[in-house]
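Novice: Okay, here's the structure, questions in a sec.
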Amino acid sequence: MRLYLINLARRPDRLAAALRQAVPLGLTLERVEAVDAAREDPGTVDLWFEPNNLKGGGPLGEIPRGDKACLLSHRRAWELFAASGDGHAVFLEDDVRLSPSARALLTSDNWIPADAAVVKLEHYGPPGQAVLLTQFRAISMAPPRQAAPAPGEDFRMGRMLSRHTGAAAYILSRGAAQLLLGETRFDLPVDHLLFNPNNSKLFARLAPWQLVPAIARQEEFVGAKSDIEGTRTGMRAFGLTYAKRELVRFGYDLKLLPRQIRAWLGGARFIRMRTTG
């Protein structure tokens, strides 16, 4: 199973850090040149996105230029995967931190169920972030094993029913990549497109699963902030636009609540996320 690492040309430090993690784990990374928001022509980038004068650019409002470039960077990696002929691939951002257990799950795709098109490998957000999951499945490493799971860790996965954003580490099936590549216009950042049932028109078709416990964490939660943060600063400054955007998000959360309550009554459970050591 190939591992695509999305990396800006001006961040060789992050490439080096990613390789320092991967080599001891026996993982080979294929670098994908990231689209640089600071250097790419804005007009070229904007062609892929809904204009801001239509519903403010999308369900969550205007998409910052860094998030636009990030989505197009992931799209480059999806294209490489689609051209490879492989059945599954791993997609990593260059500020991801992988746990030692990653080796057990990223050297082979023999543990991925045939009906799992997307598997989120990451814990995003604060410690204990709760995610509503259903249809839990234990993960068994079918022989031949290429690595043993971490001692004491029993991995499982569950279908995601609530928002858990972040796109620093995930797996796509070939069919999922082709579905995403069929989109000619985007109205959400990549992590919301993949992992936000409140807003993503593709969420139901992608039907993503969450790995429990996670094997990846984005650096902003264990160290430095992402480069994208600089392009979001103005949009996150408190004011009328910010307040409106947060109210819209809250409204989407409320709209999904009855469905989530029914799922909970049917056996779904909120799982507090953690990353395996």
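Order determines the names: the first chain of the structure tokens is A, the second B, and so forth; residues in each chain are numbered 1 upward, and ligands are numbered 1 upward as they are shown.
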Extract, using only C-alpha atoms, all DNA, RNA and protein residues at most 9 Å from A:Pro213, discarding same-chain residues fewer than 4 positions from it, and format them as a list of chain:residue names.

Specialist: A:Leu121, A:Glu122, A:His123, A:Glu153, A:Asp154, A:Phe155, A:Arg156, A:Met157, A:Met273, A:Arg274, A:Thr275, A:Thr276

Novice: Please, which residues of stretch 18-258 of chain A, numbered as in this document, come out strand (DSSP E or B) from DSSP, as a ChimeraX atom specification?

Specialist: /A:29-33,49,88-93,96-98,118-120,122-123,130-138,156-160,169-173,186,209-212,214,216-218

Novice: How many Å lie between atom CA of A:Ile63 and atom CA of A:Leu92, rounded to one decimal?

Specialist: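 Here the two named atoms are 21.3 Å from each other.
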
Novice: Taking into account only C-alpha atoms, which residue in the set A:Phe195, A:Glu219, A:Asp67, A:Arg2 is nearest to A:Phe49?

Specialist: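 Going through A:Phe195, A:Glu219, A:Asp67, A:Arg2 one by one, the smallest distance to A:Phe49 is for A:Asp67.
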
Novice: I want to know what sits within 10 Å of A:Phe91, based on only C-alpha atoms, with residues of the same chain fewer than 2 positions away left out; could you give that as a list in words?

Specialist: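 Counting only C-alpha atoms, the residues come to Arg2, Leu3, Tyr4, Leu5, Ile6, Leu29, Glu30, Val32, His74, Ala77, Trp78, Phe81, Ala89, Glu93, Asp94, Lys120, Leu121, Ala167, Ala168, Ala169, Tyr170, Ile171 and Leu172 of chain A.
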
Novice: A:Leu194, A:Ala117, A:Ile215, A:Leu161: which is nearest A:Ala176, counting only C-alpha atoms?

Specialist: A:Ala117

Novice: Could you give me the residues within stretch 9-219 of chain A that DSSP places in helix (DSSP H, G or I), as a PyMOL selection string?

Specialist: chain A and resi 12-25+42-46+55-57+65-84+102-106+174-181+190-195+203-206+219

Novice: Per residue of stretch 34-127 of chain A within 10 Å of stretch 17-27 of chain A, record the nearest atom pair and its distance in Å to one decimal, counting only C-alpha atoms, with rows in chain order and ascending residue number, as JSON lines.

Specialist:
{"residue": "A:Leu92", "atom": "CA", "partner": "A:Ala18", "partner_atom": "CA", "distance": 9.5}
{"residue": "A:Glu93", "atom": "CA", "partner": "A:Ala18", "partner_atom": "CA", "distance": 9.1}
{"residue": "A:Asp94", "atom": "CA", "partner": "A:Ala18", "partner_atom": "CA", "distance": 6.3}
{"residue": "A:Asp95", "atom": "CA", "partner": "A:Ala18", "partner_atom": "CA", "distance": 7.6}
{"residue": "A:Val96", "atom": "CA", "partner": "A:Ala18", "partner_atom": "CA", "distance": 7.6}
{"residue": "A:Arg97", "atom": "CA", "partner": "A:Gln21", "partner_atom": "CA", "distance": 7.8}
{"residue": "A:Leu98", "atom": "CA", "partner": "A:Gln21", "partner_atom": "CA", "distance": 7.0}
{"residue": "A:Ser99", "atom": "CA", "partner": "A:Gln21", "partner_atom": "CA", "distance": 8.8}
{"residue": "A:Pro100", "atom": "CA", "partner": "A:Leu25", "partner_atom": "CA", "distance": 6.9}
{"residue": "A:Ser101", "atom": "CA", "partner": "A:Leu25", "partner_atom": "CA", "distance": 8.6}
{"residue": "A:Ala102", "atom": "CA", "partner": "A:Leu25", "partner_atom": "CA", "distance": 7.6}
{"residue": "A:Arg103", "atom": "CA", "partner": "A:Leu25", "partner_atom": "CA", "distance": 5.4}
{"residue": "A:Ala104", "atom": "CA", "partner": "A:Leu25", "partner_atom": "CA", "distance": 8.9}
{"residue": "A:Leu106", "atom": "CA", "partner": "A:Leu27", "partner_atom": "CA", "distance": 7.6}
{"residue": "A:Thr107", "atom": "CA", "partner": "A:Leu27", "partner_atom": "CA", "distance": 6.8}

Novice: Mind writing the picked residues with N, CA and C atoms as a CSV table (one decimal), in the first residue's frame?

Specialist:
chain,number,residue,atom,x,y,z
A,92,LEU,N,-1.0,11.4,3.7
A,92,LEU,CA,-0.5,12.0,4.8
A,92,LEU,C,-0.1,13.5,4.5
A,93,GLU,N,-0.4,14.3,5.5
A,93,GLU,CA,0.2,15.7,5.4
A,93,GLU,C,1.5,15.7,6.1
A,94,ASP,N,2.3,16.7,5.8
A,94,ASP,CA,3.7,16.6,6.2
A,94,ASP,C,3.9,17.1,7.7
A,95,ASP,N,2.8,17.5,8.3
A,95,ASP,CA,2.9,17.8,9.8
A,95,ASP,C,2.3,16.8,10.6
A,96,VAL,N,2.1,15.6,10.1
A,96,VAL,CA,1.5,14.5,10.9
A,96,VAL,C,2.5,13.8,11.8
A,97,ARG,N,2.1,13.4,12.9
A,97,ARG,CA,2.9,12.6,13.8
A,97,ARG,C,2.3,11.2,13.8
A,98,LEU,N,3.1,10.2,13.5
A,98,LEU,CA,2.6,8.8,13.5
A,98,LEU,C,3.0,8.1,14.7
A,99,SER,N,2.2,7.2,15.2
A,99,SER,CA,2.5,6.4,16.4
A,99,SER,C,3.3,5.2,16.0
A,100,PRO,N,4.0,4.6,16.9
A,100,PRO,CA,4.7,3.3,16.5
A,100,PRO,C,3.8,2.2,16.0
A,101,SER,N,2.6,2.3,16.4
A,101,SER,CA,1.6,1.3,15.9
A,101,SER,C,1.3,1.4,14.4
A,102,ALA,N,1.7,2.6,13.8
A,102,ALA,CA,1.3,2.8,12.4
A,102,ALA,C,1.9,1.7,11.5
A,103,ARG,N,3.0,1.2,11.9
A,103,ARG,CA,3.7,0.2,11.0
A,103,ARG,C,2.8,-1.0,10.8
A,104,ALA,N,2.0,-1.4,11.8
A,104,ALA,CA,1.2,-2.6,11.7
A,104,ALA,C,0.1,-2.5,10.7
A,106,LEU,N,-0.1,0.2,8.2
A,106,LEU,CA,0.2,0.9,6.9
A,106,LEU,C,1.1,0.2,5.9
A,107,THR,N,1.6,-1.0,6.3
A,107,THR,CA,2.4,-1.8,5.4
A,107,THR,C,1.6,-2.7,4.5

Novice: A:His164: which residues within 9 Å, counting only C-alpha atoms, same-chain residues fewer than 2 positions away excluded, as a PyMOL selection string?

Specialist: chain A and resi 123-125+129-131+160+162+166+191-192+195-196

Novice: Next, dump the selected residues to file, keeping only N, CA and C atoms, as a CSV table (one decimal), in the first residue's frame.

Specialist:
chain,number,residue,atom,x,y,z
A,123,HIS,N,-6.6,11.2,15.0
A,123,HIS,CA,-7.3,11.9,16.1
A,123,HIS,C,-7.1,13.4,15.9
A,124,TYR,N,-8.2,14.1,15.6
A,124,TYR,CA,-8.1,15.6,15.4
A,124,TYR,C,-8.9,16.3,16.6
A,125,GLY,N,-8.4,17.4,16.9
A,125,GLY,CA,-9.1,18.2,18.0
A,125,GLY,C,-8.5,18.0,19.3
A,129,GLN,N,-11.7,14.2,22.3
A,129,GLN,CA,-12.7,14.6,21.3
A,129,GLN,C,-13.6,13.4,21.0
A,130,ALA,N,-14.9,13.6,21.2
A,130,ALA,CA,-15.9,12.5,21.1
A,130,ALA,C,-16.5,12.5,19.6
A,131,VAL,N,-16.5,11.2,19.1
A,131,VAL,CA,-17.0,11.0,17.7
A,131,VAL,C,-18.1,9.9,17.8
A,160,MET,N,-18.5,6.5,10.8
A,160,MET,CA,-18.6,7.9,11.4
A,160,MET,C,-20.0,8.4,11.1
A,162,SER,N,-20.7,11.5,13.0
A,162,SER,CA,-20.6,12.9,13.5
A,162,SER,C,-19.3,13.5,12.9
A,166,GLY,N,-10.1,17.3,10.1
A,166,GLY,CA,-8.6,17.0,10.0
A,166,GLY,C,-8.4,16.0,8.9
A,191,ASP,N,-10.9,18.4,4.6
A,191,ASP,CA,-11.3,17.6,5.8
A,191,ASP,C,-12.8,17.6,6.0
A,192,HIS,N,-13.5,18.7,5.7
A,192,HIS,CA,-14.9,18.8,5.8
A,192,HIS,C,-15.6,18.0,4.7
A,195,PHE,N,-15.0,14.3,6.0
A,195,PHE,CA,-15.4,13.9,7.4
A,195,PHE,C,-16.4,14.7,8.1
A,196,ASN,N,-17.2,15.5,7.4
A,196,ASN,CA,-18.2,16.3,8.0
A,196,ASN,C,-19.6,16.0,7.4

Novice: With a distance cut-off of 12 Å and only C-alpha atoms, select the neighbouring residues of A:Arg10, excluding the residue or stretch itself and same-chain residues fewer than 6 positions from it, and output the selection as a PyMOL selection string.

Specialist: chain A and resi 33-39+94+227

Novice: Determine, counting only C-alpha atoms, which protein, DNA and RNA residues have an atom within 8 Å of an atom of stretch 109-116 of chain A; residues of the same chain fewer than 4 positions away are not included. Present the result as JSON, numbers by chain.

Specialist: {"A": [1, 88, 105, 139, 140, 141, 142, 173, 207, 208, 209]}

Novice: Using N, CA, C and O atoms, can you export the residues from the last selection as a compact mmCIF listing (two decimals), in the first residue's frame?

Specialist:
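Here's the written file out-v8.txt:
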# COMPACT_ATOMS: atom_id res chain seq x y z
N MET A 1 0.84 -1.19 0.00
CA MET A 1 0.00 0.00 0.00
C MET A 1 0.88 1.24 0.00
O MET A 1 1.74 1.40 0.87
N HIS A 88 -5.84 0.46 -2.57
CA HIS A 88 -5.93 1.43 -1.47
C HIS A 88 -4.65 2.24 -1.41
O HIS A 88 -3.60 1.80 -1.89
N LEU A 105 -0.38 -1.22 10.49
CA LEU A 105 -1.55 -0.99 9.67
C LEU A 105 -1.26 -0.36 8.31
O LEU A 105 -2.11 -0.39 7.43
N ILE A 139 -10.41 -5.24 14.12
CA ILE A 139 -9.45 -5.33 13.02
C ILE A 139 -8.55 -6.53 13.25
O ILE A 139 -7.92 -6.65 14.30
N SER A 140 -8.52 -7.41 12.28
CA SER A 140 -7.62 -8.56 12.36
C SER A 140 -6.60 -8.45 11.25
O SER A 140 -6.94 -8.15 10.10
N MET A 141 -5.36 -8.66 11.60
CA MET A 141 -4.28 -8.62 10.63
C MET A 141 -4.15 -10.00 10.01
O MET A 141 -3.54 -10.91 10.58
N ALA A 142 -4.78 -10.18 8.86
CA ALA A 142 -4.75 -11.49 8.20
C ALA A 142 -3.33 -11.81 7.75
O ALA A 142 -2.57 -10.95 7.34
N SER A 173 -10.01 4.05 -0.76
CA SER A 173 -10.07 2.98 -1.75
C SER A 173 -10.00 3.61 -3.14
O SER A 173 -10.18 4.83 -3.30
N ALA A 207 -19.05 7.32 3.07
CA ALA A 207 -19.30 6.50 4.26
C ALA A 207 -18.01 6.22 5.04
O ALA A 207 -17.61 5.06 5.19
N PRO A 208 -17.32 7.26 5.53
CA PRO A 208 -16.01 7.05 6.16
C PRO A 208 -16.08 6.29 7.49
O PRO A 208 -17.06 6.36 8.22
N TRP A 209 -14.98 5.58 7.77
CA TRP A 209 -14.80 4.85 9.02
C TRP A 209 -13.69 5.53 9.82
O TRP A 209 -12.78 6.15 9.26
